[in-house]
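First the structure, in the form of structure tokens, and then the observations on it.
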Amino acid sequence: MKFWTLLVCCGTAMAQTPQSLDAKLAALDSAVKSAQSAGDNAWMLTSAALVLMMTGPGLALFYGGLVRRKNVLSTMMHSFILMAVITVLWAIVGYSLAFAEGSPFVGDLRYMFLRGVGIAPNPDYAGTIPQQTYMVYQLMFAIITPALISGAYAERMKFSGMLLFTVLWALIVYFPMAHMVWGKGGLLNAFLGGKIPCLDFAGGTVVHVTSGVSALMCALYLGKRTGYPREQMKPHSLVLSVIGASLLWVGWFGFNAGSALAASGLATSAFVATHFGAAAAALGWIFVEWIRTGKPSVLGAISGCVAGLVAITPASGFVQPFPALLIGFIAGIVCYFMVTLVKQKFGYDDTLDAFGVHGAGGTLGALLTGIFATSAINDGLKDASGKVMPLGWVDGNAGQVLNQAIGCAIAWGLAIAGTFIILKICDAVTGVRVETDHEIEGLDVSQHGEEGYFLET
Amino acid sequence: MKKIEAIIQPFKMDPVKEALKSIGIDGMTITEVRGHGRQKGHKEVYRGQEYNVDLLPKMKVELVVSDARLDEVLKALTAAARTGKIGDGKVFVYDVAEAIRIRNDDRGDAAL
């Protein structure tokens with residue numbers, strides 16, 4: 001007993017032995033760093049989970065409710081299966097092509113099979129969180145982007161063709177575009193040595209312009225659904241869509257505020273801008289709808305909310321709260337006219353308006369980011385001497401709008417050319433459109449051998 | 001025996017059931033149906049795409065009564081189903097040749 005008491009006393013005495021100041025400071029420094037890392041990592045893992053929730057169940061419900069009853073499962077499957085397909089592709093080669101340093105257009109293969117992507121941070125992107133956290137967070141963006149396109153080809157695309165299309169699209173369009181905007185040395189990366197500094201906080205061009213424009217290509221290439229627009233093709237359950245859109249709204253906090261890559265003030269700013277944009281857009285859409293058709297629809301409110309979330313995405317970490325309201329409000333109105341007047345005038349059958357909402361809203365948001373981005377919110381862009389650079393027109397840098405337009409043009413060009421070529425390949429290999437009698441029967445039965453609702457049992 | 005086939009407003013289902021029950025009619029068969037007569041439908045708009053919904057949800061009530069009770073039942077049914085507006089529905093009456101209770105082979109009025 002005495003022996004143990006002695007030992008404890010010795011231990012206490014040793015702990016109180018004066019250490020050198022340097023050692024104390026070093027210990028303190030390391031404790032502070034690990035505390036910050038713990039906080040940031042907790043937020044980033046949460047954000048990654050939130051972004052996955054946007055695809056399933058968010059987008060799956062939102063899109064699933066908008067199609068006819070006979071296609072509800074196939075439409076939800078478009079979103080769900082991409083959670084599996086893109087994950088595998090990302091682990092093998094996707095993360096490397098998007099985020100390894102390489103050419104200005106695409107990354108090299110240094111991170112293939114996630115070689116060297118471990119717990120140590122990658123200071124080029126996020127110095128306080130494990131690179132694996134960054135990798136898995138970015139994966140969730142790669143999943144939702146092709147899932148957004150499914151809104152355009154829903155109700156008529158062959159499942160095999162859709163799988164092949166998505167794999168090729170990720171390889172040819174998404175990974176290069178993500179590299180150009182976010183990858184180290186990417187052509188458009190304003191923060192890491194890009195030649196054309198394009199501001200895209202959370203994926204306005206990378207996610208929404210590419211997916212929205214590719215969606216339009218799919219709609220044009222596949223052609224109209226049998227019976228469109230003569231037959232009734234009402235959403236079979238707006239109840240599902242309201243739940244889905246609400247989940248998208250919440251998940252979007254991970255998407256945008258998570259793009260701060262830390263639990264920081266910038267994350268708060270992006271969170272607030274995101275929320276404000278969504279709210280103003282829902283109101284913008286139903287106001288104009290109320291005036292034009294006499295009724296403010298529920299589908300209008302949720303569509304407007306998504307349009308606002310899309311438009312605020314590139315702007316979210318760069319703009320003040322009130323410009324965020326304005327961006328959302330404009331997006332709600334513009335996207336309303338895109339999915340009504342513009343779609344009817346040109347007559348394309350973009351089943352669930354992936355182009356009208358994501359293509360148009362994304363482009364609009366990217367351009368408005370060039371106007372409203374301010375260094376008062378984001379002082380990350382510095383010149384050689386360390387001075388904070390002005391961002392958008394409100395900072396006096398009117399030329400940024402042009403940079404934004406160039407970024408959009410590149411995204412449009414890549415999406416149009418890439419998607420057309422990929423569809424041609426898929427058409428030759430698997431076929432892209434189901435046979436007419438399969439389409440009439442519904443994709444749930446013809447592609448999957450199942451029905452979404454079987455109420456007799 | 002007569003068969004009464006009444007197409008009524010869905011929200012009038014319970015009042016009709018109560019009215020029939022109050023005069024001792026318990027048996028009936030109901031079906032959810034869609035249809036329209038003179039009642040105009042309504043317009044629905046989904047992202048600018050307009051649809052005219054003219055086949056509206058209705059309830060079809062079918063019951064078979066003895067000839068003696070026909071008038072009384074019709075009176076109770078129509079009174080309960082009436083709102084006085086277009087869309088209240090219609091009643092059709094048919095002759096019935098035979099009725100059989102499957103359980104014990106009762107025939108005619110006894111099977112009702």
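Quick note on naming: the chains in the structure tokens go A, B, ... in the order shown, residues restart at 1 in each chain, and ligands are numbered from 1 in order of appearance.
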
Find the residues of chain B in contact range of chain A, meaning any atom within 10 Å when counting only C-alpha atoms, and list them as a PyMOL selection string. chain B and resi 44-53

Using only C-alpha atoms, which residues sit within 9 Å of stretch 27-32 of chain B once same-chain residues fewer than 6 positions away are excluded, as a PyMOL selection string? chain B and resi 10+17+21+57-64+112

Would you mind exporting the chosen residues as an mmCIF file, in the first residue's frame, restricted to C-alpha atoms?
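Saved file selection_21.cif follows:
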```cif
data_model
loop_
_atom_site.group_PDB
_atom_site.id
_atom_site.type_symbol
_atom_site.label_atom_id
_atom_site.label_comp_id
_atom_site.auth_asym_id
_atom_site.auth_seq_id
_atom_site.Cartn_x
_atom_site.Cartn_y
_atom_site.Cartn_z
ATOM 1 C CA PRO B 10 -68.038 10.985 -52.090
ATOM 2 C CA LYS B 17 -75.378 5.137 -45.230
ATOM 3 C CA LYS B 21 -79.584 2.363 -41.825
ATOM 4 C CA PRO B 57 -64.278 11.077 -58.090
ATOM 5 C CA LYS B 58 -67.732 9.731 -57.147
ATOM 6 C CA MET B 59 -69.114 6.848 -55.115
ATOM 7 C CA LYS B 60 -71.331 4.203 -56.641
ATOM 8 C CA VAL B 61 -73.800 2.623 -54.204
ATOM 9 C CA GLU B 62 -75.563 -0.552 -55.233
ATOM 10 C CA LEU B 63 -78.332 -2.214 -53.265
ATOM 11 C CA VAL B 64 -81.255 -4.532 -53.978
ATOM 12 C CA LEU B 112 -82.024 -9.658 -49.266
#
```

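Shortest separation to A:Gly251 among A:Thr46, A:Ser96, A:Thr374, A:Gln19 occurs at residue A:Thr46, atoms counted being only C-alpha atoms.
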
List every residue of stretch 14-224 of chain A that DSSP, applied to the backbone of this structure, assigns to alpha helix (DSSP H), and report them as a VMD selection string. chain A and resid 14 to 15 21 to 53 60 to 66 72 to 89 95 to 99 131 to 153 159 to 169 175 to 182 210 to 222

Just list as a ChimeraX atom specification whatever in chain B DSSP marks as strand (DSSP E). /B:2-8,29-35,42-46,49-53,56-65,89-95

Could you please take those selected residues and save C-alpha atoms as a JSON list (two decimals), in the first residue's frame?
```
[["chain", "number", "residue", "atom", "x", "y", "z"],
["B", 2, "LYS", "CA", -85.31, -3.82, -57.63],
["B", 3, "LYS", "CA", -81.67, -2.92, -57.85],
["B", 4, "ILE", "CA", -80.82, 0.68, -57.01],
["B", 5, "GLU", "CA", -77.61, 2.05, -58.47],
["B", 6, "ALA", "CA", -76.79, 5.51, -57.17],
["B", 7, "ILE", "CA", -73.80, 7.63, -58.21],
["B", 8, "ILE", "CA", -73.26, 10.16, -55.43],
["B", 29, "THR", "CA", -72.05, -2.51, -52.06],
["B", 30, "ILE", "CA", -70.00, 0.59, -52.78],
["B", 31, "THR", "CA", -67.32, 1.34, -55.35],
["B", 32, "GLU", "CA", -65.06, 4.34, -55.86],
["B", 33, "VAL", "CA", -65.65, 5.53, -59.40],
["B", 34, "ARG", "CA", -64.91, 8.51, -61.62],
["B", 35, "GLY", "CA", -67.30, 10.21, -63.93],
["B", 42, "HIS", "CA", -61.54, 21.75, -62.85],
["B", 43, "LYS", "CA", -58.20, 22.88, -64.21],
["B", 44, "GLU", "CA", -54.91, 21.77, -62.69],
["B", 45, "VAL", "CA", -51.58, 23.38, -63.52],
["B", 46, "TYR", "CA", -48.22, 21.66, -62.94],
["B", 49, "GLN", "CA", -48.67, 22.42, -67.95],
["B", 50, "GLU", "CA", -52.46, 22.61, -67.82],
["B", 51, "TYR", "CA", -54.67, 19.59, -67.37],
["B", 52, "ASN", "CA", -58.45, 19.59, -67.40],
["B", 53, "VAL", "CA", -59.67, 17.13, -64.84],
["B", 56, "LEU", "CA", -64.31, 13.53, -60.96],
["B", 57, "PRO", "CA", -64.28, 11.08, -58.09],
["B", 58, "LYS", "CA", -67.73, 9.73, -57.15],
["B", 59, "MET", "CA", -69.11, 6.85, -55.11],
["B", 60, "LYS", "CA", -71.33, 4.20, -56.64],
["B", 61, "VAL", "CA", -73.80, 2.62, -54.20],
["B", 62, "GLU", "CA", -75.56, -0.55, -55.23],
["B", 63, "LEU", "CA", -78.33, -2.21, -53.27],
["B", 64, "VAL", "CA", -81.26, -4.53, -53.98],
["B", 65, "VAL", "CA", -84.60, -4.03, -52.19],
["B", 89, "GLY", "CA", -75.24, 12.48, -59.10],
["B", 90, "LYS", "CA", -77.93, 10.15, -60.42],
["B", 91, "VAL", "CA", -79.95, 7.10, -59.40],
["B", 92, "PHE", "CA", -80.87, 4.23, -61.70],
["B", 93, "VAL", "CA", -83.37, 1.49, -60.86],
["B", 94, "TYR", "CA", -83.35, -1.97, -62.46],
["B", 95, "ASP", "CA", -85.56, -5.06, -62.24]]
```

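The nearest approach to A:Val394 among the residues A:Ile330, A:Gly194, A:Val319, A:Gly431, with only C-alpha atoms taken into account, belongs to A:Val319.
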
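Taking only C-alpha atoms into account, B:Asp14 lies nearest to B:Leu77 out of the set B:Gly108, B:Leu77, B:Asp88, B:Ile102.
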
Counting only C-alpha atoms, which of A:Phe99, A:Phe271, A:Trp182, A:Trp90 gets nearest to A:Pro197? A:Trp182

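The space between atom CA of A:Lys195 and atom CA of A:Asp383 spans 13.9 Å.
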
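Separating atom CA of A:Ser259 from atom CA of A:Ile172 is a distance of 23.5 Å.
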
Spatial neighbours of stretch 307-317 of chain A, 7 Å, only C-alpha atoms, chain gap at least 6 places, as a PyMOL selection string: chain A and resi 199-204+208+256+266+269-270+273-274+277-278+281+324+327-328+331-332+335+357-358+361-362+364-366+369+373+378

I need the chosen residues saved as an mmCIF file, in the first residue's frame, with N, CA and C atoms.
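result_15.cif written:
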```
data_model
loop_
_atom_site.group_PDB
_atom_site.id
_atom_site.type_symbol
_atom_site.label_atom_id
_atom_site.label_comp_id
_atom_site.auth_asym_id
_atom_site.auth_seq_id
_atom_site.Cartn_x
_atom_site.Cartn_y
_atom_site.Cartn_z
ATOM 1 N N LEU A 199 -15.226 32.148 -59.750
ATOM 2 C CA LEU A 199 -15.691 31.937 -58.374
ATOM 3 C C LEU A 199 -16.859 30.963 -58.372
ATOM 4 N N ASP A 200 -16.633 29.825 -57.765
ATOM 5 C CA ASP A 200 -17.715 28.843 -57.670
ATOM 6 C C ASP A 200 -17.586 28.178 -56.312
ATOM 7 N N PHE A 201 -18.294 28.717 -55.326
ATOM 8 C CA PHE A 201 -18.060 28.270 -53.961
ATOM 9 C C PHE A 201 -18.406 26.799 -53.779
ATOM 10 N N ALA A 202 -19.606 26.403 -54.196
ATOM 11 C CA ALA A 202 -20.022 25.030 -53.882
ATOM 12 C C ALA A 202 -20.500 24.237 -55.092
ATOM 13 N N GLY A 203 -20.257 24.751 -56.291
ATOM 14 C CA GLY A 203 -20.576 23.901 -57.432
ATOM 15 C C GLY A 203 -21.634 24.402 -58.387
ATOM 16 N N GLY A 204 -21.765 25.700 -58.547
ATOM 17 C CA GLY A 204 -22.730 26.232 -59.511
ATOM 18 C C GLY A 204 -22.426 25.773 -60.924
ATOM 19 N N HIS A 208 -24.229 22.205 -61.163
ATOM 20 C CA HIS A 208 -25.543 22.529 -61.731
ATOM 21 C C HIS A 208 -25.517 22.875 -63.208
ATOM 22 N N ASN A 256 -23.398 23.558 -49.221
ATOM 23 C CA ASN A 256 -22.833 24.909 -49.321
ATOM 24 C C ASN A 256 -22.004 25.297 -48.104
ATOM 25 N N LEU A 266 -16.966 31.397 -42.181
ATOM 26 C CA LEU A 266 -17.338 31.312 -43.599
ATOM 27 C C LEU A 266 -18.459 30.289 -43.797
ATOM 28 N N SER A 269 -21.639 31.950 -42.841
ATOM 29 C CA SER A 269 -22.051 32.877 -43.879
ATOM 30 C C SER A 269 -22.698 32.131 -45.047
ATOM 31 N N ALA A 270 -22.093 31.021 -45.450
ATOM 32 C CA ALA A 270 -22.641 30.230 -46.552
ATOM 33 C C ALA A 270 -23.978 29.601 -46.159
ATOM 34 N N ALA A 273 -26.614 32.419 -46.317
ATOM 35 C CA ALA A 273 -26.914 32.775 -47.709
ATOM 36 C C ALA A 273 -27.761 31.686 -48.368
ATOM 37 N N THR A 274 -27.414 30.431 -48.101
ATOM 38 C CA THR A 274 -28.148 29.303 -48.677
ATOM 39 C C THR A 274 -29.612 29.341 -48.258
ATOM 40 N N GLY A 277 -31.454 32.332 -49.787
ATOM 41 C CA GLY A 277 -31.692 32.148 -51.224
ATOM 42 C C GLY A 277 -32.888 31.238 -51.468
ATOM 43 N N ALA A 278 -32.956 30.139 -50.723
ATOM 44 C CA ALA A 278 -34.054 29.180 -50.894
ATOM 45 C C ALA A 278 -35.396 29.830 -50.563
ATOM 46 N N ALA A 281 -36.519 32.442 -53.161
ATOM 47 C CA ALA A 281 -36.847 31.832 -54.456
ATOM 48 C C ALA A 281 -38.212 31.156 -54.424
ATOM 49 N N ALA A 324 -28.045 37.599 -51.133
ATOM 50 C CA ALA A 324 -28.498 36.199 -51.218
ATOM 51 C C ALA A 324 -30.015 36.131 -51.418
ATOM 52 N N ILE A 327 -30.629 37.154 -55.059
ATOM 53 C CA ILE A 327 -30.268 36.091 -56.003
ATOM 54 C C ILE A 327 -31.352 35.018 -56.019
ATOM 55 N N GLY A 328 -31.803 34.637 -54.834
ATOM 56 C CA GLY A 328 -32.857 33.622 -54.757
ATOM 57 C C GLY A 328 -34.137 34.087 -55.427
ATOM 58 N N ALA A 331 -33.841 34.058 -59.139
ATOM 59 C CA ALA A 331 -33.790 32.681 -59.639
ATOM 60 C C ALA A 331 -35.183 32.050 -59.658
ATOM 61 N N GLY A 332 -35.974 32.321 -58.615
ATOM 62 C CA GLY A 332 -37.325 31.765 -58.570
ATOM 63 C C GLY A 332 -38.146 32.219 -59.764
ATOM 64 N N CYS A 335 -36.438 30.881 -63.295
ATOM 65 C CA CYS A 335 -36.634 29.443 -63.509
ATOM 66 C C CYS A 335 -38.106 29.124 -63.773
ATOM 67 N N VAL A 357 -34.312 24.152 -64.202
ATOM 68 C CA VAL A 357 -33.971 24.521 -62.831
ATOM 69 C C VAL A 357 -32.450 24.547 -62.635
ATOM 70 N N HIS A 358 -31.756 23.462 -63.003
ATOM 71 C CA HIS A 358 -30.326 23.385 -62.692
ATOM 72 C C HIS A 358 -29.453 24.091 -63.730
ATOM 73 N N GLY A 361 -30.787 27.911 -63.548
ATOM 74 C CA GLY A 361 -30.501 28.454 -62.216
ATOM 75 C C GLY A 361 -29.004 28.489 -61.934
ATOM 76 N N GLY A 362 -28.291 27.461 -62.383
ATOM 77 C CA GLY A 362 -26.843 27.392 -62.159
ATOM 78 C C GLY A 362 -26.109 28.489 -62.914
ATOM 79 N N LEU A 364 -27.400 31.325 -64.068
ATOM 80 C CA LEU A 364 -27.799 32.602 -63.465
ATOM 81 C C LEU A 364 -27.014 32.869 -62.179
ATOM 82 N N GLY A 365 -26.935 31.850 -61.336
ATOM 83 C CA GLY A 365 -26.226 31.999 -60.063
ATOM 84 C C GLY A 365 -24.750 32.308 -60.262
ATOM 85 N N ALA A 366 -24.150 31.625 -61.254
ATOM 86 C CA ALA A 366 -22.725 31.848 -61.517
ATOM 87 C C ALA A 366 -22.487 33.295 -61.943
ATOM 88 N N THR A 369 -22.995 35.675 -59.057
ATOM 89 C CA THR A 369 -21.851 35.591 -58.136
ATOM 90 C C THR A 369 -20.790 36.613 -58.539
ATOM 91 N N ALA A 373 -20.217 38.903 -55.295
ATOM 92 C CA ALA A 373 -19.153 38.348 -54.445
ATOM 93 C C ALA A 373 -18.348 39.479 -53.808
ATOM 94 N N ASN A 378 -15.508 36.768 -47.934
ATOM 95 C CA ASN A 378 -14.477 35.768 -48.208
ATOM 96 C C ASN A 378 -13.180 36.470 -48.593
#
```

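Rounded to one decimal, atom CA of A:Thr419 and atom CA of A:Gly186 lie 21.3 Å from each other.
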
Of B:Arg103, B:Gln9, B:Gly37, B:Asp54, the one nearest to B:Gly84 when counting only C-alpha atoms is B:Gln9

Using only C-alpha atoms, which residues sit within 10 Å of A:Glu439 once same-chain residues fewer than 3 positions away are excluded, as a CSV table (one decimal) with N, CA and C atoms, in the first residue's frame?
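Result went into around.csv, see below:
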```csv
chain,number,residue,atom,x,y,z
A,70,LYS,N,-46.3,4.5,-62.6
A,70,LYS,CA,-45.7,3.3,-63.2
A,70,LYS,C,-44.2,3.5,-63.3
A,71,ASN,N,-43.7,4.7,-63.0
A,71,ASN,CA,-42.2,4.9,-63.1
A,71,ASN,C,-41.6,5.4,-61.8
A,155,GLU,N,-38.5,8.3,-67.1
A,155,GLU,CA,-39.7,7.7,-67.7
A,155,GLU,C,-39.4,7.1,-69.1
A,156,ARG,N,-38.2,7.2,-69.6
A,156,ARG,CA,-37.9,6.6,-70.9
A,156,ARG,C,-36.5,6.0,-71.1
A,157,MET,N,-35.6,6.1,-70.2
A,157,MET,CA,-34.3,5.6,-70.4
A,157,MET,C,-34.1,4.2,-69.9
A,158,LYS,N,-33.4,3.5,-70.7
A,158,LYS,CA,-33.0,2.1,-70.4
A,158,LYS,C,-32.1,2.1,-69.2
A,225,ARG,N,-41.3,11.8,-74.5
A,225,ARG,CA,-42.0,10.6,-74.0
A,225,ARG,C,-43.2,10.4,-74.9
A,226,THR,N,-43.5,9.1,-75.1
A,226,THR,CA,-44.6,8.7,-75.9
A,226,THR,C,-45.9,9.4,-75.3
A,433,ARG,N,-32.8,4.3,-75.2
A,433,ARG,CA,-34.3,4.5,-74.9
A,433,ARG,C,-35.0,3.1,-74.9
A,434,VAL,N,-35.9,3.0,-74.0
A,434,VAL,CA,-36.6,1.7,-73.9
A,434,VAL,C,-37.6,1.6,-75.1
A,435,GLU,N,-38.0,0.4,-75.4
A,435,GLU,CA,-39.0,0.2,-76.5
A,435,GLU,C,-40.3,0.8,-76.1
A,436,THR,N,-41.1,1.2,-77.1
A,436,THR,CA,-42.3,2.0,-76.8
A,436,THR,C,-43.2,1.2,-75.9
A,442,GLY,N,-44.5,1.0,-68.4
A,442,GLY,CA,-43.9,1.6,-67.3
A,442,GLY,C,-42.5,1.0,-67.0
A,443,LEU,N,-41.5,1.8,-66.6
A,443,LEU,CA,-40.2,1.3,-66.4
A,443,LEU,C,-40.0,0.4,-65.2
A,444,ASP,N,-40.9,0.6,-64.2
A,444,ASP,CA,-40.8,-0.2,-63.0
A,444,ASP,C,-40.9,-1.7,-63.3
A,445,VAL,N,-41.9,-2.0,-64.1
A,445,VAL,CA,-42.1,-3.4,-64.5
A,445,VAL,C,-41.2,-3.8,-65.6
A,446,SER,N,-41.0,-3.0,-66.6
A,446,SER,CA,-40.2,-3.4,-67.7
A,446,SER,C,-38.7,-3.4,-67.4
A,447,GLN,N,-38.2,-2.6,-66.6
A,447,GLN,CA,-36.8,-2.5,-66.3
A,447,GLN,C,-36.4,-3.3,-65.0
```
